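As stored in structure-v7.pdb (PDB, C-alpha atoms):
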```
ATOM      1  CA  MET W   1      45.183  69.301 137.453
ATOM      2  CA  ASN W   2      44.215  66.254 135.421
ATOM      3  CA  ILE W   3      46.519  64.039 133.433
ATOM      4  CA  VAL W   4      44.815  63.332 130.118
ATOM      5  CA  LYS W   5      47.474  61.150 128.575
ATOM      6  CA  SER W   6      50.937  59.954 129.503
ATOM      7  CA  SER W   7      53.888  58.083 128.111
ATOM      8  CA  THR W   8      57.326  57.047 129.393
ATOM      9  CA  LEU W   9      60.530  56.722 127.406
ATOM     10  CA  ALA W  10      63.868  55.356 128.552
ATOM     11  CA  VAL W  11      66.894  57.304 127.335
ATOM     12  CA  VAL W  12      70.075  55.277 127.106
ATOM     13  CA  SER W  13      71.391  56.158 123.647
ATOM     14  CA  GLU W  14      71.491  58.999 121.098
ATOM     15  CA  GLY W  15      68.752  57.286 119.145
ATOM     16  CA  ASP W  16      66.509  57.592 122.224
ATOM     17  CA  VAL W  17      66.988  61.384 122.180
ATOM     18  CA  VAL W  18      65.598  61.353 118.620
ATOM     19  CA  LYS W  19      62.630  59.305 119.904
ATOM     20  CA  VAL W  20      62.046  61.849 122.683
ATOM     21  CA  ARG W  21      61.906  64.625 120.080
ATOM     22  CA  GLN W  22      59.412  62.674 118.004
ATOM     23  CA  ALA W  23      57.211  61.767 120.990
ATOM     24  CA  VAL W  24      57.173  65.369 122.254
ATOM     25  CA  ARG W  25      56.270  66.543 118.747
ATOM     26  CA  ALA W  26      53.355  64.070 118.588
ATOM     27  CA  PHE W  27      51.985  65.242 121.962
ATOM     28  CA  ALA W  28      52.453  68.906 120.996
ATOM     29  CA  VAL W  29      50.492  68.334 117.783
ATOM     30  CA  GLU W  30      47.794  66.544 119.748
ATOM     31  CA  ILE W  31      47.114  69.566 121.972
ATOM     32  CA  LYS W  32      47.276  71.778 118.871
ATOM     33  CA  LEU W  33      50.242  73.934 119.857
ATOM     34  CA  SER W  34      51.210  76.445 117.170
ATOM     35  CA  LEU W  35      54.085  75.404 114.911
ATOM     36  CA  VAL W  36      56.450  77.839 116.645
ATOM     37  CA  ASP W  37      55.494  76.528 120.093
ATOM     38  CA  GLN W  38      55.837  72.929 118.870
ATOM     39  CA  THR W  39      59.320  73.726 117.604
ATOM     40  CA  LYS W  40      60.276  75.455 120.850
ATOM     41  CA  VAL W  41      59.147  72.638 123.130
ATOM     42  CA  VAL W  42      60.698  69.946 120.899
ATOM     43  CA  THR W  43      63.990  71.877 120.817
ATOM     44  CA  ALA W  44      63.938  72.284 124.617
ATOM     45  CA  ALA W  45      63.254  68.543 124.960
ATOM     46  CA  SER W  46      66.157  67.798 122.639
ATOM     47  CA  GLU W  47      68.533  69.860 124.788
ATOM     48  CA  LEU W  48      67.325  68.305 128.027
ATOM     49  CA  GLY W  49      67.244  64.784 126.592
ATOM     50  CA  ARG W  50      70.862  65.138 125.505
ATOM     51  CA  ASN W  51      71.864  66.485 128.949
ATOM     52  CA  LEU W  52      70.120  63.515 130.536
ATOM     53  CA  LEU W  53      72.245  61.167 128.454
ATOM     54  CA  ILE W  54      75.605  62.965 128.608
ATOM     55  CA  TYR W  55      75.628  64.341 132.162
ATOM     56  CA  GLY W  56      73.116  62.099 133.875
ATOM     57  CA  GLY W  57      74.193  58.822 132.286
ATOM     58  CA  GLY W  58      70.697  58.263 130.901
ATOM     59  CA  GLY W  59      67.335  58.121 132.585
ATOM     60  CA  GLU W  60      63.641  58.401 131.896
ATOM     61  CA  VAL W  61      61.445  60.936 130.183
ATOM     62  CA  PHE W  62      57.800  61.208 131.231
ATOM     63  CA  LEU W  63      55.414  62.922 128.843
ATOM     64  CA  GLU W  64      51.988  64.074 129.911
ATOM     65  CA  ILE W  65      49.138  66.031 128.465
ATOM     66  CA  ILE W  66      47.676  67.925 131.411
ATOM     67  CA  LYS W  67      44.510  69.888 131.852
ATOM     68  CA  GLU W  68      43.902  72.672 134.345
ATOM     69  CA  GLY W  69      40.512  74.320 134.101
ATOM     70  CA  MET W  70      40.052  75.232 130.463
ATOM     71  CA  ARG W  71      43.694  75.088 129.468
ATOM     72  CA  GLN W  72      45.693  72.158 128.216
ATOM     73  CA  GLY W  73      49.420  71.785 128.404
ATOM     74  CA  LEU W  74      52.297  69.494 127.710
ATOM     75  CA  ARG W  75      54.452  68.495 130.663
ATOM     76  CA  VAL W  76      57.747  66.699 130.134
ATOM     77  CA  VAL W  77      59.830  65.412 133.038
ATOM     78  CA  PHE W  78      63.493  64.438 132.595
ATOM     79  CA  GLN W  79      64.751  62.232 135.407
ATOM     80  CA  ASP W  80      68.317  60.987 135.547
ATOM     81  CA  HIS W  81      70.186  59.007 138.184
ATOM     82  CA  GLY W  82      73.452  60.872 137.781
ATOM     83  CA  PRO W  83      75.578  62.798 140.272
ATOM     84  CA  GLY W  84      73.316  65.858 140.343
ATOM     85  CA  ILE W  85      74.267  69.438 139.463
ATOM     86  CA  PRO W  86      76.590  70.933 142.113
ATOM     87  CA  ASP W  87      75.938  74.604 141.276
ATOM     88  CA  ILE W  88      72.534  75.073 139.652
ATOM     89  CA  GLU W  89      72.840  78.845 139.303
ATOM     90  CA  LEU W  90      76.087  78.439 137.385
ATOM     91  CA  ALA W  91      74.683  75.621 135.256
ATOM     92  CA  MET W  92      71.753  77.805 134.183
ATOM     93  CA  LYS W  93      74.060  80.530 132.851
ATOM     94  CA  ASP W  94      74.462  80.869 129.099
ATOM     95  CA  GLY W  95      77.873  79.817 127.982
ATOM     96  CA  TYR W  96      78.518  77.557 130.938
ATOM     97  CA  THR W  97      79.346  73.998 130.014
ATOM     98  CA  SER W  98      81.023  71.155 131.822
ATOM     99  CA  GLY W  99      81.036  69.030 128.680
ATOM    100  CA  ASN W 100      81.590  69.867 125.041
ATOM    101  CA  GLY W 101      78.281  71.577 124.317
ATOM    102  CA  MET W 102      77.694  75.230 123.640
ATOM    103  CA  GLY W 103      76.495  75.877 127.155
ATOM    104  CA  LEU W 104      73.050  76.881 125.985
ATOM    105  CA  GLY W 105      71.234  73.732 127.059
ATOM    106  CA  LEU W 106      69.647  74.594 130.412
ATOM    107  CA  GLY W 107      69.249  78.363 130.112
ATOM    108  CA  GLY W 108      68.171  78.037 126.479
ATOM    109  CA  ALA W 109      65.638  75.315 127.255
ATOM    110  CA  LYS W 110      64.181  77.451 130.045
ATOM    111  CA  ARG W 111      63.653  80.356 127.653
ATOM    112  CA  LEU W 112      61.792  78.121 125.205
ATOM    113  CA  VAL W 113      59.087  76.909 127.575
ATOM    114  CA  GLY W 114      56.594  78.534 129.909
ATOM    115  CA  GLU W 115      57.506  76.737 133.101
ATOM    116  CA  PHE W 116      60.810  75.175 134.104
ATOM    117  CA  TYR W 117      61.580  73.434 137.401
ATOM    118  CA  LEU W 118      64.857  71.861 138.398
ATOM    119  CA  VAL W 119      65.486  69.625 141.400
ATOM    120  CA  SER W 120      68.910  68.111 141.801
ATOM    121  CA  ASN W 121      70.854  66.305 144.477
ATOM    122  CA  PRO W 122      73.603  63.682 144.570
ATOM    123  CA  VAL W 123      71.275  60.954 145.885
ATOM    124  CA  GLU W 124      68.331  61.116 143.494
ATOM    125  CA  GLY W 125      70.007  62.742 140.505
ATOM    126  CA  THR W 126      68.466  65.557 138.517
ATOM    127  CA  ARG W 127      64.816  66.054 137.690
ATOM    128  CA  ILE W 128      63.812  68.776 135.269
ATOM    129  CA  THR W 129      60.162  69.510 134.540
ATOM    130  CA  ILE W 130      59.028  71.693 131.679
ATOM    131  CA  ILE W 131      55.472  72.747 130.877
ATOM    132  CA  LYS W 132      54.233  74.395 127.705
ATOM    133  CA  TRP W 133      50.633  75.599 127.981
ATOM    134  CA  ARG W 134      48.481  75.960 124.962
TER     135      ARG W 134
ATOM    136  CA  MET U   1      74.196  52.247 112.283
ATOM    137  CA  GLN U   2      75.417  52.608 108.720
ATOM    138  CA  GLU U   3      73.309  55.577 107.644
ATOM    139  CA  GLN U   4      75.004  58.527 106.031
ATOM    140  CA  ILE U   5      73.937  61.882 104.606
ATOM    141  CA  PRO U   6      74.739  61.943 100.870
ATOM    142  CA  ILE U   7      77.025  64.691  99.548
ATOM    143  CA  ILE U   8      76.525  65.720  95.928
ATOM    144  CA  LYS U   9      79.135  67.530  93.841
ATOM    145  CA  LEU U  10      77.719  70.242  91.600
ATOM    146  CA  GLU U  11      80.113  72.437  89.601
ATOM    147  CA  ASP U  12      82.706  73.565  92.151
ATOM    148  CA  PHE U  13      80.326  73.113  95.020
ATOM    149  CA  LEU U  14      79.146  70.444  97.426
ATOM    150  CA  LEU U  15      75.432  70.087  98.033
ATOM    151  CA  VAL U  16      73.928  68.453 101.110
ATOM    152  CA  SER U  17      70.260  68.074 101.849
ATOM    153  CA  ILE U  18      69.485  66.879 105.360
ATOM    154  CA  GLN U  19      66.280  64.872 105.165
ATOM    155  CA  VAL U  20      66.359  62.928 108.413
ATOM    156  CA  ASP U  21      66.080  63.713 112.104
ATOM    157  CA  MET U  22      69.800  63.354 112.851
ATOM    158  CA  HIS U  23      71.134  61.814 116.006
ATOM    159  CA  ASP U  24      74.315  63.480 117.236
ATOM    160  CA  ARG U  25      76.782  60.979 115.821
ATOM    161  CA  LEU U  26      75.254  61.285 112.350
ATOM    162  CA  ALA U  27      75.701  65.059 112.507
ATOM    163  CA  LEU U  28      79.357  64.662 113.507
ATOM    164  CA  GLN U  29      79.794  62.132 110.707
ATOM    165  CA  LEU U  30      78.469  64.689 108.229
ATOM    166  CA  GLN U  31      80.923  67.261 109.597
ATOM    167  CA  ASP U  32      83.849  64.885 109.016
ATOM    168  CA  ASP U  33      82.617  63.691 105.600
ATOM    169  CA  LEU U  34      82.090  67.213 104.316
ATOM    170  CA  THR U  35      85.464  68.442 105.469
ATOM    171  CA  ALA U  36      87.194  65.474 103.832
ATOM    172  CA  LYS U  37      85.201  65.929 100.623
ATOM    173  CA  ILE U  38      86.054  69.645 100.323
ATOM    174  CA  THR U  39      89.730  68.747 100.135
ATOM    175  CA  GLU U  40      89.165  65.689  97.948
ATOM    176  CA  VAL U  41      87.283  67.515  95.169
ATOM    177  CA  ASN U  42      88.779  70.966  95.780
ATOM    178  CA  ALA U  43      85.337  72.448  96.421
ATOM    179  CA  ARG U  44      84.920  76.218  96.607
ATOM    180  CA  GLY U  45      81.565  76.219  98.317
ATOM    181  CA  VAL U  46      79.225  74.123 100.446
ATOM    182  CA  LEU U  47      75.455  74.410 100.345
ATOM    183  CA  ILE U  48      73.486  72.820 103.189
ATOM    184  CA  ASP U  49      69.746  72.520 102.685
ATOM    185  CA  ILE U  50      67.979  72.278 106.044
ATOM    186  CA  SER U  51      64.435  72.876 104.772
ATOM    187  CA  ALA U  52      63.371  69.426 105.982
ATOM    188  CA  LEU U  53      64.790  69.967 109.479
ATOM    189  CA  GLU U  54      62.045  70.622 112.011
ATOM    190  CA  VAL U  55      64.462  71.090 114.881
ATOM    191  CA  VAL U  56      67.889  72.705 115.078
ATOM    192  CA  ASP U  57      69.101  72.505 118.653
ATOM    193  CA  SER U  58      72.397  73.749 120.074
ATOM    194  CA  PHE U  59      74.231  70.603 119.028
ATOM    195  CA  ILE U  60      73.157  70.704 115.385
ATOM    196  CA  GLY U  61      73.741  74.458 115.451
ATOM    197  CA  ARG U  62      77.273  73.889 116.645
ATOM    198  CA  VAL U  63      77.883  71.309 113.920
ATOM    199  CA  ILE U  64      76.673  73.765 111.260
ATOM    200  CA  GLY U  65      78.958  76.451 112.720
ATOM    201  CA  ASN U  66      81.894  74.015 112.761
ATOM    202  CA  ILE U  67      81.323  72.978 109.142
ATOM    203  CA  SER U  68      81.288  76.623 108.109
ATOM    204  CA  ALA U  69      84.483  77.397 110.060
ATOM    205  CA  MET U  70      86.332  74.332 108.757
ATOM    206  CA  ALA U  71      85.226  75.062 105.182
ATOM    207  CA  ARG U  72      86.499  78.634 105.525
ATOM    208  CA  VAL U  73      89.913  77.407 106.580
ATOM    209  CA  LEU U  74      89.879  75.177 103.488
ATOM    210  CA  ASP U  75      88.973  78.167 101.297
ATOM    211  CA  ALA U  76      85.345  77.197 100.742
ATOM    212  CA  ARG U  77      82.270  79.225 101.577
ATOM    213  CA  THR U  78      79.245  77.691 103.336
ATOM    214  CA  VAL U  79      75.634  78.695 102.795
ATOM    215  CA  VAL U  80      72.754  77.297 104.829
ATOM    216  CA  VAL U  81      69.461  77.388 102.950
ATOM    217  CA  GLY U  82      65.793  76.797 103.622
ATOM    218  CA  MET U  83      65.598  77.263 107.380
ATOM    219  CA  GLN U  84      61.986  77.028 108.489
ATOM    220  CA  PRO U  85      60.692  80.234 110.161
ATOM    221  CA  ALA U  86      59.739  78.388 113.374
ATOM    222  CA  VAL U  87      63.286  77.000 113.538
ATOM    223  CA  ALA U  88      64.783  80.474 113.051
ATOM    224  CA  ILE U  89      62.628  81.921 115.857
ATOM    225  CA  THR U  90      63.556  79.061 118.177
ATOM    226  CA  LEU U  91      67.279  79.312 117.408
ATOM    227  CA  VAL U  92      67.437  82.985 118.282
ATOM    228  CA  GLU U  93      65.489  82.458 121.500
ATOM    229  CA  LEU U  94      67.775  79.577 122.385
ATOM    230  CA  GLY U  95      70.686  82.001 122.053
ATOM    231  CA  LEU U  96      72.263  80.613 118.896
ATOM    232  CA  THR U  97      72.982  83.200 116.252
ATOM    233  CA  LEU U  98      75.109  81.087 113.886
ATOM    234  CA  GLU U  99      77.592  83.917 113.488
ATOM    235  CA  GLY U 100      79.752  83.681 110.414
ATOM    236  CA  VAL U 101      77.348  81.285 108.710
ATOM    237  CA  HIS U 102      75.866  82.632 105.478
ATOM    238  CA  SER U 103      72.247  81.873 104.758
ATOM    239  CA  ALA U 104      69.836  82.061 101.850
ATOM    240  CA  LEU U 105      66.124  81.491 101.536
ATOM    241  CA  ASN U 106      66.295  78.568  99.111
ATOM    242  CA  VAL U 107      68.670  76.410  97.077
ATOM    243  CA  SER U 108      68.674  78.566  93.938
ATOM    244  CA  ARG U 109      69.440  81.735  95.886
ATOM    245  CA  GLY U 110      72.099  79.860  97.813
ATOM    246  CA  MET U 111      73.695  78.682  94.562
ATOM    247  CA  ALA U 112      73.585  82.224  93.200
ATOM    248  CA  LEU U 113      75.345  83.454  96.343
ATOM    249  CA  LEU U 114      78.076  80.822  96.007
ATOM    250  CA  ARG U 115      78.584  81.536  92.277
ATOM    251  CA  ARG U 116      78.806  85.264  92.956
ATOM    252  CA  SER U 117      81.408  84.858  95.665
ATOM    253  CA  ARG U 118      83.320  82.514  93.348
ATOM    254  CA  GLU U 119      83.433  85.153  90.603
ATOM    255  CA  GLU U 120      84.642  87.780  93.051
ATOM    256  CA  GLN U 121      87.703  85.714  93.848
TER     257      GLN U 121
END
```
Give the structure from this file in structure tokens form.
Amino acid sequence: MNIVKSSTLAVVSEGDVVKVRQAVRAFAVEIKLSLVDQTKVVTAASELGRNLLIYGGGGEVFLEIIKEGMRQGLRVVFQDHGPGIPDIELAMKDGYTSGNGMGLGLGGAKRLVGEFYLVSNPVEGTRITIIKWR
Amino acid sequence: MQEQIPIIKLEDFLLVSIQVDMHDRLALQLQDDLTAKITEVNARGVLIDISALEVVDSFIGRVIGNISAMARVLDARTVVVGMQPAVAITLVELGLTLEGVHSALNVSRGMALLRRSREEQ
């Protein structure tokens, strides 16, 4: 797998979540995702960017355009330095929320992208990787 | 940040057109402003144009649902107009159905819906 292009954004405020949306949109347009797929991946990034800020106390978002054989994809990694998610299975359930959201963030984001990986522990925080292939 | 979404009064209704990529606080601000304005001008309906919104995530969805619920309690009906098809597809997949929120394809149909429900009262 080759990384064609990458970018890093720090998320420490609500305005940064807006910037994440815009950056993900720009990368999605660059690999010529369909409008529906663009909207899905940007929406997923918005959910995960907000989680990063609210539950993880902020962190970094890494955007990459990746290439594997003939196919191109957009990979977005959300890394926080928060307390980690104690019960991942529960957190993925629709309707579950520990904050004041609708509890659709994690499960909803997973449905919107092709690949979704979550690694979380109290030492390193939470790292969520999403990939949308073209 | 001093930005604000303008609210226009038209007949008995309030008209809002969201033209910017809202951060969460701005969306909450709109929720508060609209609710206050409904009471202030005795509005019977609220029309929210989201045709310029490229993303409606669960937070914005919740705000729209809240506005609609608060307006209902204040005896005003809310219509959301102009949702882009890609946004509609994404919302449903996300799991948000915006129950109880009325929708119309565009502003003129939305206005017609509000006027009709006004006459029925």
Open item on the list: Considering all atoms listed in the file, can you say which of U:Glu40, U:Glu3, U:Asp57, U:Asp75 comes closest to chain W?
Closed with: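 Of U:Glu40, U:Glu3, U:Asp57, U:Asp75, the one nearest chain W, counting all atoms listed in the file, is U:Asp57.
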Can I get the residues of chain U within 9 Å of chain W, each with the closest pair of atoms and their distance in Å to one decimal, using all atoms listed in the file, sorted chain first then ascending number, as a tab-separated table?
```
residue	atom	partner	partner_atom	distance
U:Asp21	CA	W:Val18	CA	6.9
U:Met22	CA	W:Val18	CA	7.4
U:His23	CA	W:Glu14	CA	5.8
U:Asp24	CA	W:Glu14	CA	6.6
U:Arg25	CA	W:Glu14	CA	7.7
U:Glu54	CA	W:Thr39	CA	7.0
U:Val55	CA	W:Thr43	CA	6.0
U:Val56	CA	W:Thr43	CA	7.0
U:Asp57	CA	W:Thr43	CA	5.6
U:Ser58	CA	W:Met102	CA	6.6
U:Phe59	CA	W:Gly101	CA	6.7
U:Arg62	CA	W:Met102	CA	7.1
U:Pro85	CA	W:Val36	CA	8.1
U:Ala86	CA	W:Val36	CA	4.7
U:Val87	CA	W:Thr39	CA	6.6
U:Ile89	CA	W:Val36	CA	7.4
U:Thr90	CA	W:Lys40	CA	5.6
U:Leu91	CA	W:Lys40	CA	8.7
U:Glu93	CA	W:Arg111	CA	6.8
U:Leu94	CA	W:Gly108	CA	4.4
U:Gly95	CA	W:Gly108	CA	6.5
U:Leu96	CA	W:Leu104	CA	8.0
```
- [ ] Write out as a ChimeraX atom specification the residues lying within 12 Å of Gln121 of chain U, counting all atoms listed in the file and excluding same-chain residues fewer than 2 positions away.
- [x] /U:44,75-77,114-119
Open item on the list: Starting from the PyMOL selection byres ((chain U and resi 4) around 12), expand the selection into actual residues of this file and give them as a ChimeraX atom specification.
Closed with: /U:1-3,5-7,16-23,25-34
Task: Atom pair atom CA of Ser6 of chain W / atom CA of Leu63 of chain W: separation (Å) - done: 5.4 Å
- [ ] With the file shown as input, list the residues that the PyMOL selection byres ((chain U and resi 102) around 9) selects, as a list in words.
- [x] Ser68, Arg77, Thr78, Val79, Val80, Val81, Leu98, Glu99, Gly100, Val101, Ser103, Ala104 and Gly110 of chain U
Task: Point-to-point distance from atom CA of Pro83 of chain W to atom CA of Tyr55 of chain W, Å rounded to tenths - done: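 A separation of 8.3 Å between them.
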- [ ] Would you please work out which residue, of U:Ile8, U:Met83, U:Val92, U:Leu15, is nearest to Leu53 of chain U when using all atoms listed in the file?
- [x]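 Closest to Leu53 of chain U of all the choices is U:Met83.
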Task: Interatomic distance, atom CA of Arg71 of chain W to atom CA of Trp133 of chain W (Å, one decimal) - done: 7.1 Å
Centre, x/y/z edge lengths, axis-aligned box for segment 61-65 of chain W with 3 Å per side, as AutoDock Vina command-line options:
```
--center_x 55.3 --center_y 63.5 --center_z 129.8 --size_x 18.3 --size_y 11.1 --size_z 8.8
```
Task: Selection result for the PyMOL selection byres ((chain U and resi 82) around 6) on this file, as a PyMOL selection string - done: chain U and resi 49-51+81+83+105-106
Serialized selection, C-alpha atoms, as a CSV table (one decimal), keeping the file's coordinate frame:
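Below is the file selection_24.csv, written as the result:
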```
chain,number,residue,atom,x,y,z
U,49,ASP,CA,69.7,72.5,102.7
U,50,ILE,CA,68.0,72.3,106.0
U,51,SER,CA,64.4,72.9,104.8
U,81,VAL,CA,69.5,77.4,103.0
U,83,MET,CA,65.6,77.3,107.4
U,105,LEU,CA,66.1,81.5,101.5
U,106,ASN,CA,66.3,78.6,99.1
```
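Nearest to Glu124 of chain W of all the residues W:Ile85, W:Val4, W:Leu90, W:Ile65 is W:Ile85, based on all atoms listed in the file.
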- [ ] Would you please work out which residue, of W:Glu68, W:Ala28, W:Met92, W:Leu48, is nearest to Ile130 of chain W when using only C-alpha atoms?
- [x] W:Leu48
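Taking only C-alpha atoms into account, the polymer residues that have an atom no farther than 12 Å from (71.1, 61.1, 140.2) are Leu52, Leu53, Tyr55, Gly56, Gly57, Gly58, Gly59, Glu60, Phe78, Gln79, Asp80, His81, Gly82, Pro83, Gly84, Ile85, Pro86, Val119, Ser120, Asn121, Pro122, Val123, Glu124, Gly125, Thr126, Arg127 and Ile128 of chain W.
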Can you complete the atoms of segment 56-67 of chain U to N, CA and C atoms and list them as a PDB file, in the coordinates of the input?
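Wrote it out as rebuild_20.pdb, contents follow:
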```pdb
ATOM      1  N   VAL U  56      66.444  72.485 115.040  1.00  0.00           N
ATOM      2  CA  VAL U  56      67.889  72.705 115.078  1.00  0.00           C
ATOM      3  C   VAL U  56      68.202  73.094 116.514  1.00  0.00           C
ATOM      4  N   ASP U  57      68.781  72.183 117.259  1.00  0.00           N
ATOM      5  CA  ASP U  57      69.101  72.505 118.653  1.00  0.00           C
ATOM      6  C   ASP U  57      70.558  72.959 118.736  1.00  0.00           C
ATOM      7  N   SER U  58      71.060  73.168 119.954  1.00  0.00           N
ATOM      8  CA  SER U  58      72.397  73.749 120.074  1.00  0.00           C
ATOM      9  C   SER U  58      73.467  72.828 119.500  1.00  0.00           C
ATOM     10  N   PHE U  59      73.228  71.527 119.562  1.00  0.00           N
ATOM     11  CA  PHE U  59      74.231  70.603 119.028  1.00  0.00           C
ATOM     12  C   PHE U  59      74.327  70.699 117.508  1.00  0.00           C
ATOM     13  N   ILE U  60      73.172  70.609 116.846  1.00  0.00           N
ATOM     14  CA  ILE U  60      73.157  70.704 115.385  1.00  0.00           C
ATOM     15  C   ILE U  60      73.661  72.087 114.961  1.00  0.00           C
ATOM     16  N   GLY U  61      73.281  73.113 115.726  1.00  0.00           N
ATOM     17  CA  GLY U  61      73.741  74.458 115.451  1.00  0.00           C
ATOM     18  C   GLY U  61      75.257  74.541 115.507  1.00  0.00           C
ATOM     19  N   ARG U  62      75.819  73.884 116.497  1.00  0.00           N
ATOM     20  CA  ARG U  62      77.273  73.889 116.645  1.00  0.00           C
ATOM     21  C   ARG U  62      77.935  73.178 115.473  1.00  0.00           C
ATOM     22  N   VAL U  63      77.332  72.059 115.050  1.00  0.00           N
ATOM     23  CA  VAL U  63      77.883  71.309 113.920  1.00  0.00           C
ATOM     24  C   VAL U  63      77.868  72.177 112.652  1.00  0.00           C
ATOM     25  N   ILE U  64      76.768  72.891 112.434  1.00  0.00           N
ATOM     26  CA  ILE U  64      76.673  73.765 111.260  1.00  0.00           C
ATOM     27  C   ILE U  64      77.750  74.864 111.338  1.00  0.00           C
ATOM     28  N   GLY U  65      77.926  75.439 112.519  1.00  0.00           N
ATOM     29  CA  GLY U  65      78.958  76.451 112.720  1.00  0.00           C
ATOM     30  C   GLY U  65      80.357  75.889 112.475  1.00  0.00           C
ATOM     31  N   ASN U  66      80.589  74.659 112.963  1.00  0.00           N
ATOM     32  CA  ASN U  66      81.894  74.015 112.761  1.00  0.00           C
ATOM     33  C   ASN U  66      82.176  73.769 111.286  1.00  0.00           C
ATOM     34  N   ILE U  67      81.158  73.262 110.573  1.00  0.00           N
ATOM     35  CA  ILE U  67      81.323  72.978 109.142  1.00  0.00           C
ATOM     36  C   ILE U  67      81.729  74.263 108.430  1.00  0.00           C
TER      37      ILE U  67
END
```
